[in-house]
$ cat data_12.txt   # compact mmCIF, C-alpha atoms
# COMPACT_ATOMS: atom_id res chain seq x y z
CA MET A 545 -5.38 -4.32 15.35
CA GLY A 546 -4.53 -7.45 13.40
CA ALA A 547 -3.56 -8.11 9.81
CA ASP A 548 -6.68 -6.65 8.22
CA ASP A 549 -4.70 -4.44 5.87
CA VAL A 550 -1.18 -4.14 4.53
CA MET A 551 0.65 -1.06 3.28
CA ALA A 552 3.65 -1.25 1.01
CA SER A 553 6.39 1.19 1.83
CA PRO A 554 7.25 3.84 1.06
CA TYR A 555 3.75 5.21 1.52
CA LEU A 556 2.19 8.64 1.40
CA PRO A 557 0.94 10.28 4.61
CA GLU A 558 -2.50 10.56 2.97
CA GLU A 559 -2.52 6.81 2.34
CA LEU A 560 -1.61 6.14 5.98
CA GLY A 561 -4.45 8.45 7.04
CA MET A 562 -6.88 6.56 4.81
CA HIS A 563 -5.84 3.23 6.29
CA LEU A 564 -6.12 4.56 9.84
CA ARG A 565 -9.60 5.98 9.17
CA PHE A 566 -10.60 2.61 7.74
CA MET A 567 -9.30 0.75 10.78
CA LEU A 568 -11.05 3.18 13.13
CA GLY A 569 -14.31 3.04 11.19
CA GLY A 570 -14.14 6.48 9.57
CA ASP A 571 -15.14 7.60 6.10
CA VAL A 572 -13.17 5.67 3.45
CA PRO A 573 -13.78 4.56 -0.12
CA GLN A 574 -15.48 1.23 -0.72
CA TYR A 575 -13.09 -1.68 -1.13
CA ARG A 576 -14.73 -3.46 -4.03
CA GLU A 577 -13.16 -4.52 -7.29
CA ILE A 578 -13.15 -1.88 -10.03
CA ARG A 579 -13.16 -2.75 -13.73
CA ARG A 580 -12.16 0.02 -16.11
CA GLY A 581 -10.53 0.00 -19.54
CA GLY A 582 -9.62 -3.68 -19.45
CA LEU A 583 -8.10 -3.34 -15.98
CA ARG A 584 -9.25 -5.20 -12.90
CA ILE A 585 -8.38 -3.20 -9.79
CA ASP A 586 -8.55 -4.68 -6.30
CA PRO A 587 -8.26 -1.79 -3.80
CA MET A 588 -8.35 -4.08 -0.76
CA HIS A 589 -5.21 -5.92 -1.83
CA ARG A 590 -3.67 -3.01 -3.74
CA ALA A 591 -3.46 -5.06 -6.92
CA VAL A 592 -4.20 -4.42 -10.57
CA TRP A 593 -4.43 -6.84 -13.50
CA LYS A 594 -4.50 -6.19 -17.22
CA GLY A 595 -6.07 -9.34 -18.58
CA GLU A 596 -4.34 -12.14 -16.69
CA GLN A 597 -1.14 -10.17 -16.06
CA LYS A 598 -0.65 -8.59 -12.66
CA MET A 599 0.84 -5.12 -13.02
CA ALA A 600 3.43 -3.66 -10.64
CA LEU A 601 2.76 -0.10 -9.44
CA GLY A 602 4.58 2.09 -6.96
CA THR A 603 2.77 3.98 -4.21
CA SER A 604 2.31 7.20 -6.17
CA GLU A 605 1.25 5.35 -9.32
CA TRP A 606 -1.26 3.34 -7.28
CA ALA A 607 -2.69 6.50 -5.67
CA LEU A 608 -2.93 8.14 -9.10
CA LEU A 609 -4.66 5.09 -10.57
CA MET A 610 -7.15 5.00 -7.70
CA ALA A 611 -7.93 8.71 -8.06
CA LEU A 612 -8.72 8.09 -11.74
CA ALA A 613 -10.51 4.75 -11.26
CA THR A 614 -12.93 6.01 -8.63
CA ASP A 615 -14.19 8.89 -10.79
CA SER A 616 -15.96 8.13 -14.07
CA ASN A 617 -15.36 11.70 -15.28
CA ALA A 618 -12.11 13.43 -16.10
CA VAL A 619 -10.27 14.57 -12.96
CA GLN A 620 -8.80 18.05 -13.20
CA VAL A 621 -5.03 18.39 -13.02
CA GLY A 622 -4.99 20.45 -9.81
CA GLU A 623 -7.42 18.06 -8.15
CA LEU A 624 -5.32 15.01 -9.10
CA LEU A 625 -2.18 16.65 -7.77
CA THR A 626 -3.93 17.54 -4.51
CA ILE A 627 -5.50 14.09 -4.05
CA VAL A 628 -2.27 12.19 -4.67
CA TRP A 629 0.48 14.49 -3.38
CA GLY A 630 -1.20 17.23 -1.34
CA LYS A 631 -2.17 20.88 -1.70
CA GLU A 632 1.42 22.07 -2.04
CA TYR A 633 1.62 20.25 -5.41
CA ALA A 634 -1.63 21.67 -6.86
CA SER A 635 0.16 23.71 -9.55
CA GLU A 636 2.92 21.23 -10.47
CA THR A 637 1.56 20.24 -13.89
CA LYS A 638 4.90 18.99 -15.26
CA PHE A 639 5.23 16.79 -12.18
CA LEU A 640 1.84 15.22 -12.95
CA THR A 641 2.74 14.73 -16.61
CA THR A 642 5.79 12.71 -15.55
CA TRP A 643 3.73 10.51 -13.21
CA ILE A 644 0.98 10.00 -15.81
CA GLN A 645 3.67 8.79 -18.23
CA ARG A 646 5.07 6.40 -15.59
CA LEU A 647 1.58 5.09 -14.85
CA ARG A 648 0.94 4.53 -18.56
CA GLU A 649 4.25 2.70 -18.97
CA ASN A 650 3.62 0.45 -15.96
CA LEU A 651 0.12 -0.38 -17.18
CA GLY A 652 1.48 -1.26 -20.63
CA ASP A 653 -0.36 1.68 -22.18
CA ASP A 654 1.11 3.24 -25.32
CA VAL A 655 2.69 6.51 -24.16
CA GLN A 656 2.48 8.01 -27.67
CA ALA A 657 -1.14 6.94 -28.30
CA PRO A 658 -2.61 6.09 -24.88
CA GLN A 659 -5.66 3.84 -24.70
CA LEU A 660 -6.09 3.54 -20.89
CA VAL A 661 -5.10 6.80 -19.22
CA LEU A 662 -6.65 9.47 -21.39
CA ALA A 663 -6.06 13.22 -21.45
CA GLU A 664 -9.19 15.35 -21.84
CA LEU A 665 -8.50 18.81 -23.23
CA SER A 666 -8.88 21.44 -20.48
CA GLU A 667 -10.57 18.86 -18.23
CA GLY A 668 -7.70 16.74 -16.94
CA PHE A 669 -7.25 12.98 -17.13
CA ARG A 670 -9.56 10.01 -17.00
CA LEU A 671 -9.33 6.26 -17.04
CA LYS A 672 -11.01 4.57 -20.02
CA ASP A 673 -14.41 3.06 -19.20
$ encode --input "data_12.txt" --output "C-alpha cells"
Amino acid sequence: MGADDVMASPYLPEELGMHLRFMLGGDVPQYREIRRGGLRIDPMHRAVWKGEQKMALGTSEWALLMALATDSNAVQVGELLTIVWGKEYASETKFLTTWIQRLRENLGDDVQAPQLVLAELSEGFRLKD
C-alpha cells in the first residue's frame, strides 16, 4: 500500500490493528500534533519533543503516552492497562506503575516529584495540560 506509515518493531498487536484500520479507512484517532505539558507529540511520525530535544520512547511507552495525551482527563488504571496491553492486563497495577516510571524517566520527568505524568488519587494518571 506504499510508505504511508511506518511501525517500529517490536510492536503491539493493537498498534498493528490501528495501523491496518487507518490504511483501510476505518475508525482511527486523528493524526495531528498534540501539545501537552511542554511536550510536542507527532502521532503520524511517532515522535515526541520536549522543547527542542527529541525524546526516545519504546513501543509500550509510546502507546502509554498516546493514551494519556489523547484524553484531557485522568485515565483510570484499568482502562490504561486495557488500552495499552489488553484486557488480560486490566488488574496489573504494579505493571503499570513500572511503565509509568519508565515513561517519566524517558521524558525527563522527575520520578520523585513528577511534573508531566501526574497521578490523580483514585482516578488514575493524566498528562499535564
$ residues_around --input "data_12.txt" --residues "A:Leu624" --least-positions-apart "6" --cutoff "10 Å" --atoms "all atoms listed in the file" --output "PyMOL selection string"
chain A and resi 607-608+611-612+618+630-631+633-634+637+640+668-669
$ residues_around --input "data_12.txt" --residues "A:Val592" --least-positions-apart "6" --cutoff "9 Å" --atoms "only C-alpha atoms" --output "JSON, numbers by chain"
{"A": [583, 584, 585, 586, 598, 599, 600, 601, 606, 651]}
$ closest_residue --input "data_12.txt" --among "A:Ser604, A:Leu665, A:Asp615, A:Glu596" --to "A:Ile578" --atoms "all atoms listed in the file"
A:Asp615
$ residues_around --input "data_12.txt" --residues "A:Lys672" --least-positions-apart "2" --cutoff "8 Å" --atoms "all atoms listed in the file" --output "VMD selection string"
chain A and resid 580 to 581 659 to 662 670
$ atom_distance --input "data_12.txt" --atom1 "atom CA of A:Pro554" --atom2 "atom CA of A:Gly595"
27.1 Å
$ closest_residue --input "data_12.txt" --among "A:Glu559, A:Met588, A:Gly582, A:Ser616" --to "A:Trp629" --atoms "all atoms listed in the file"
A:Glu559
$ atom_distance --input "data_12.txt" --atom1 "atom CA of A:Gln656" --atom2 "atom CA of A:Ile627"
25.7 Å
$ closest_residue --input "data_12.txt" --among "A:Gln597, A:Leu609, A:Thr614, A:Pro557" --to "A:Arg576" --atoms "all atoms listed in the file"
A:Thr614
$ atom_distance --input "data_12.txt" --atom1 "atom CA of A:Leu647" --atom2 "atom CA of A:Thr603"
10.8 Å
$ residues_around --input "data_12.txt" --residues "A:Pro587" --least-positions-apart "3" --cutoff "8 Å" --atoms "all atoms listed in the file" --output "short mmCIF file (atom, residue, chain, number, x, y, z; two decimals) with C-alpha atoms, in the frame of the given file"
data_model
loop_
_atom_site.label_atom_id
_atom_site.label_comp_id
_atom_site.auth_asym_id
_atom_site.auth_seq_id
_atom_site.Cartn_x
_atom_site.Cartn_y
_atom_site.Cartn_z
CA TYR A 575 -13.09 -1.68 -1.13
CA ARG A 576 -14.73 -3.46 -4.03
CA GLU A 577 -13.16 -4.52 -7.29
CA ILE A 578 -13.15 -1.88 -10.03
CA ARG A 590 -3.67 -3.01 -3.74
CA ALA A 591 -3.46 -5.06 -6.92
CA MET A 610 -7.15 5.00 -7.70
#
$ residues_around --input "data_12.txt" --residues "A:Ala657" --least-positions-apart "6" --cutoff "12 Å" --atoms "only C-alpha atoms" --output "MDAnalysis selection string"
chainID A and resid 645 648:649 663
